[in-house]
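Worksheet: the structure to be examined is printed underneath.
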Amino acid sequence: MDYARRNQQIANSFYNLGLEKSRIRDLSGAAQCLKKSLHFNKYQTDARNLLGLIYYENGEVADALVQWVISLNLQPEDNLADHYLDEIQRKPGQLERESQNVKTFNQALWHAQNGSDDLAILQLARVVESNPHFVKAHLLLALLYMGREDYNKAGRSLYKILQIDKSNQKALYYMSIVKQNTGRADAEKRKMVKAFSHRKMEDDDVIIPNTYKESTGLSTILHIIIGLILGIAAFYFLILPARTKALNNERNQEVIAYSQKLNNANQQYDILKTDYDRLDAQAKEVQARLDELTTGNTSIMAQYQGLIWILQNYRTGDLVAAAKAFADASFDLIEDENIKAIVESIRQDMTANIYQNLVDRGLTLWNAGNKTEAMDYFQASLTIKPDNPEALFYVGRLYQDAGDMDNANTMFDKVVNEFPDSPYVERARNARGY
Amino acid sequence: MIDFEEEIERFKPSLDVEQVEDAIVKSDLTDMTDIMMELIKERGEK
């Protein structure tokens, strides 16, 4: 039993060491300690669980599962492995993706070992993109890059490995080769030499900068000139662009403000223009209406004036003028019913009585020898009543008397042809000389 | 310098998730206590 207790103590010590190493991300060293711990005591559950966790961190999911399942079998109760397995089973998609990554890695390894480096690199790049913690895939990828002498890419992969597992022996070995081929090894060596070449300073030591030199007159002037040049350059390259930018911004703001004012003015102009056009159209319409009312022979005003003249002629007894005015006038624009009634009464009087009065007065004047005035009366009568054969006949006779046979014959023909039942037909025929 | 081909050959395939069951079955869980107990048992039999 002492041996068993001793083995447990040794296993615990190795576990503690492995735990310390894993805390500083020395995962390779930690894994070795944990394996030793389990060699001494397979029931060291914490060591087995931590070993599984390290495998999982390195991208070796299946190895992690193996350790956790064994751990759970050996200690079914109060076991952290139960939590780990539960976490993995809770995300089945993730386990499937990890499994696929492992398969792809194995394929890439096969391709690499059989000379298909290009294909292997493509597959490994995909694997490490999907699982950046897959240390073995990073390692193989770095090795393939190194085979192509692409040391920068190899260095990037190795750097990622060392971030996960800082004591990965293979990664450290490959990194040393990469550093040799990229010149980083020499640079680090120089840095280390500088770092360890310092001695402890004494109290009376004075630090003199390497660049310190005694100033001379020429160097002072030179420094002033260089300072001026640098100042001017700083002004042109730092201050001036900033000032120019500020001015441009200010000007842009002003332009924007003016543009806004201009837009507002344009909008107001458009509104006023619209109003002006509308009012102008109304004014034209009103003017047209006013013209219609006031100017021209066909205006309302002219029609009223014509009516007034007719009534005036009536009043003075100048029937000829009244008849002519009535014949020439139009009263269609008059809408007042009272005025229209007056117009209608005049019309009835003209067509019923006045035309005949004009004919009678014309005959009287003719008989008195006043043929010209008689002609006016007959014409006025015809103006009121154009289908009066008596007036037509007398007008024809006056034309005949004046020697105007064409107009006279026209009048006689009209009486004969248009009024065959008229008592003036025979007289017209005789006058015409049929 | 490293021997590239030799270095490549040293890589071993990773354990697939589908092979976990076999790996568990084939796991050798013998620890130092088991070995000692076996040795003590053998000595007692002699």
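A note on labels: chains of the structure tokens are A, B, ... as shown, every chain counts residues from 1, and ligands are counted from 1 in their shown order.
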
Name all residues at most 12 Å from Ala23 in chain B (count only C-alpha atoms; drop same-chain ones fewer than 5 positions away) and give them as a PDB file with N, CA and C atoms, in the first residue's frame.
ATOM      1  N   ALA A  62     -10.108  14.437 -31.311  1.00  0.00           N
ATOM      2  CA  ALA A  62     -10.354  13.009 -31.054  1.00  0.00           C
ATOM      3  C   ALA A  62      -9.537  12.533 -29.861  1.00  0.00           C
ATOM      4  N   ASP A  63      -8.275  12.965 -29.791  1.00  0.00           N
ATOM      5  CA  ASP A  63      -7.435  12.584 -28.644  1.00  0.00           C
ATOM      6  C   ASP A  63      -8.024  13.119 -27.349  1.00  0.00           C
ATOM      7  N   ALA A  64      -8.558  14.345 -27.424  1.00  0.00           N
ATOM      8  CA  ALA A  64      -9.192  14.925 -26.240  1.00  0.00           C
ATOM      9  C   ALA A  64     -10.389  14.086 -25.811  1.00  0.00           C
ATOM     10  N   LEU A  65     -11.197  13.696 -26.806  1.00  0.00           N
ATOM     11  CA  LEU A  65     -12.377  12.878 -26.487  1.00  0.00           C
ATOM     12  C   LEU A  65     -11.975  11.560 -25.835  1.00  0.00           C
ATOM     13  N   VAL A  66     -10.908  10.959 -26.337  1.00  0.00           N
ATOM     14  CA  VAL A  66     -10.442   9.683 -25.769  1.00  0.00           C
ATOM     15  C   VAL A  66     -10.139   9.848 -24.280  1.00  0.00           C
ATOM     16  N   GLN A  67      -9.378  10.893 -23.966  1.00  0.00           N
ATOM     17  CA  GLN A  67      -8.980  11.099 -22.561  1.00  0.00           C
ATOM     18  C   GLN A  67     -10.190  11.381 -21.678  1.00  0.00           C
ATOM     19  N   VAL A  69     -13.374  10.561 -22.183  1.00  0.00           N
ATOM     20  CA  VAL A  69     -14.250   9.389 -22.039  1.00  0.00           C
ATOM     21  C   VAL A  69     -13.644   8.399 -21.048  1.00  0.00           C
ATOM     22  N   ILE A  70     -12.348   8.154 -21.160  1.00  0.00           N
ATOM     23  CA  ILE A  70     -11.682   7.250 -20.206  1.00  0.00           C
ATOM     24  C   ILE A  70     -11.805   7.813 -18.788  1.00  0.00           C
TER      25      ILE A  70
ATOM     26  N   SER B  14      -3.558  12.527 -37.772  1.00  0.00           N
ATOM     27  CA  SER B  14      -4.268  12.787 -36.518  1.00  0.00           C
ATOM     28  C   SER B  14      -5.372  11.755 -36.333  1.00  0.00           C
ATOM     29  N   LEU B  15      -5.736  11.585 -35.098  1.00  0.00           N
ATOM     30  CA  LEU B  15      -6.814  10.638 -34.795  1.00  0.00           C
ATOM     31  C   LEU B  15      -8.146  11.245 -35.219  1.00  0.00           C
ATOM     32  N   ASP B  16      -8.863  10.448 -36.006  1.00  0.00           N
ATOM     33  CA  ASP B  16     -10.167  10.922 -36.466  1.00  0.00           C
ATOM     34  C   ASP B  16     -11.216  10.703 -35.373  1.00  0.00           C
ATOM     35  N   VAL B  17     -12.215  11.553 -35.394  1.00  0.00           N
ATOM     36  CA  VAL B  17     -13.274  11.449 -34.378  1.00  0.00           C
ATOM     37  C   VAL B  17     -13.973  10.100 -34.467  1.00  0.00           C
ATOM     38  N   GLU B  18     -14.074   9.585 -35.695  1.00  0.00           N
ATOM     39  CA  GLU B  18     -14.755   8.292 -35.862  1.00  0.00           C
ATOM     40  C   GLU B  18     -13.945   7.119 -35.282  1.00  0.00           C
ATOM     41  N   ASP B  28      -3.994   1.593 -23.389  1.00  0.00           N
ATOM     42  CA  ASP B  28      -3.333   0.828 -22.322  1.00  0.00           C
ATOM     43  C   ASP B  28      -3.354   1.674 -21.061  1.00  0.00           C
ATOM     44  N   LEU B  29      -4.154   1.253 -20.103  1.00  0.00           N
ATOM     45  CA  LEU B  29      -4.328   2.060 -18.900  1.00  0.00           C
ATOM     46  C   LEU B  29      -3.480   1.544 -17.726  1.00  0.00           C
TER      47      LEU B  29
END

Quick one: contact table of chain A to chain B, 8 Å max, nearest atom pair and distance in Å to one decimal per residue, counting only C-alpha atoms, chain and number order, as a Markdown table?
| residue | atom | partner | partner_atom | distance |
| --- | --- | --- | --- | --- |
| A:Tyr3 | CA | B:Thr33 | CA | 7.1 |
| A:Ala4 | CA | B:Thr33 | CA | 5.6 |
| A:Asn7 | CA | B:Thr33 | CA | 6.6 |
| A:Leu38 | CA | B:Asp31 | CA | 6.8 |
| A:His39 | CA | B:Asp31 | CA | 4.7 |
| A:Phe40 | CA | B:Met32 | CA | 4.7 |
| A:Asn41 | CA | B:Asp31 | CA | 5.6 |
| A:Lys42 | CA | B:Asp31 | CA | 5.7 |
| A:Glu60 | CA | B:Ser14 | CA | 7.0 |
| A:Val61 | CA | B:Val17 | CA | 7.1 |
| A:Ala62 | CA | B:Val17 | CA | 4.7 |
| A:Asp63 | CA | B:Leu15 | CA | 6.5 |
| A:Leu65 | CA | B:Val20 | CA | 7.0 |
| A:Val66 | CA | B:Ile24 | CA | 5.7 |
| A:Val69 | CA | B:Ile24 | CA | 7.8 |
| A:Ile70 | CA | B:Ile24 | CA | 6.9 |
| A:Ser99 | CA | B:Val17 | CA | 5.6 |
| A:Val102 | CA | B:Asp16 | CA | 6.2 |
| A:Lys103 | CA | B:Asp16 | CA | 6.8 |
| A:Phe105 | CA | B:Pro13 | CA | 7.7 |
| A:Asn106 | CA | B:Pro13 | CA | 5.3 |
| A:Leu109 | CA | B:Pro13 | CA | 7.1 |
| A:Ala112 | CA | B:Ile8 | CA | 7.3 |
| A:Gln113 | CA | B:Ile8 | CA | 6.3 |
| A:Leu140 | CA | B:Ile8 | CA | 7.5 |
| A:Leu143 | CA | B:Phe4 | CA | 7.6 |
| A:Gly147 | CA | B:Phe4 | CA | 6.5 |
| A:Ile177 | CA | B:Met1 | CA | 7.3 |
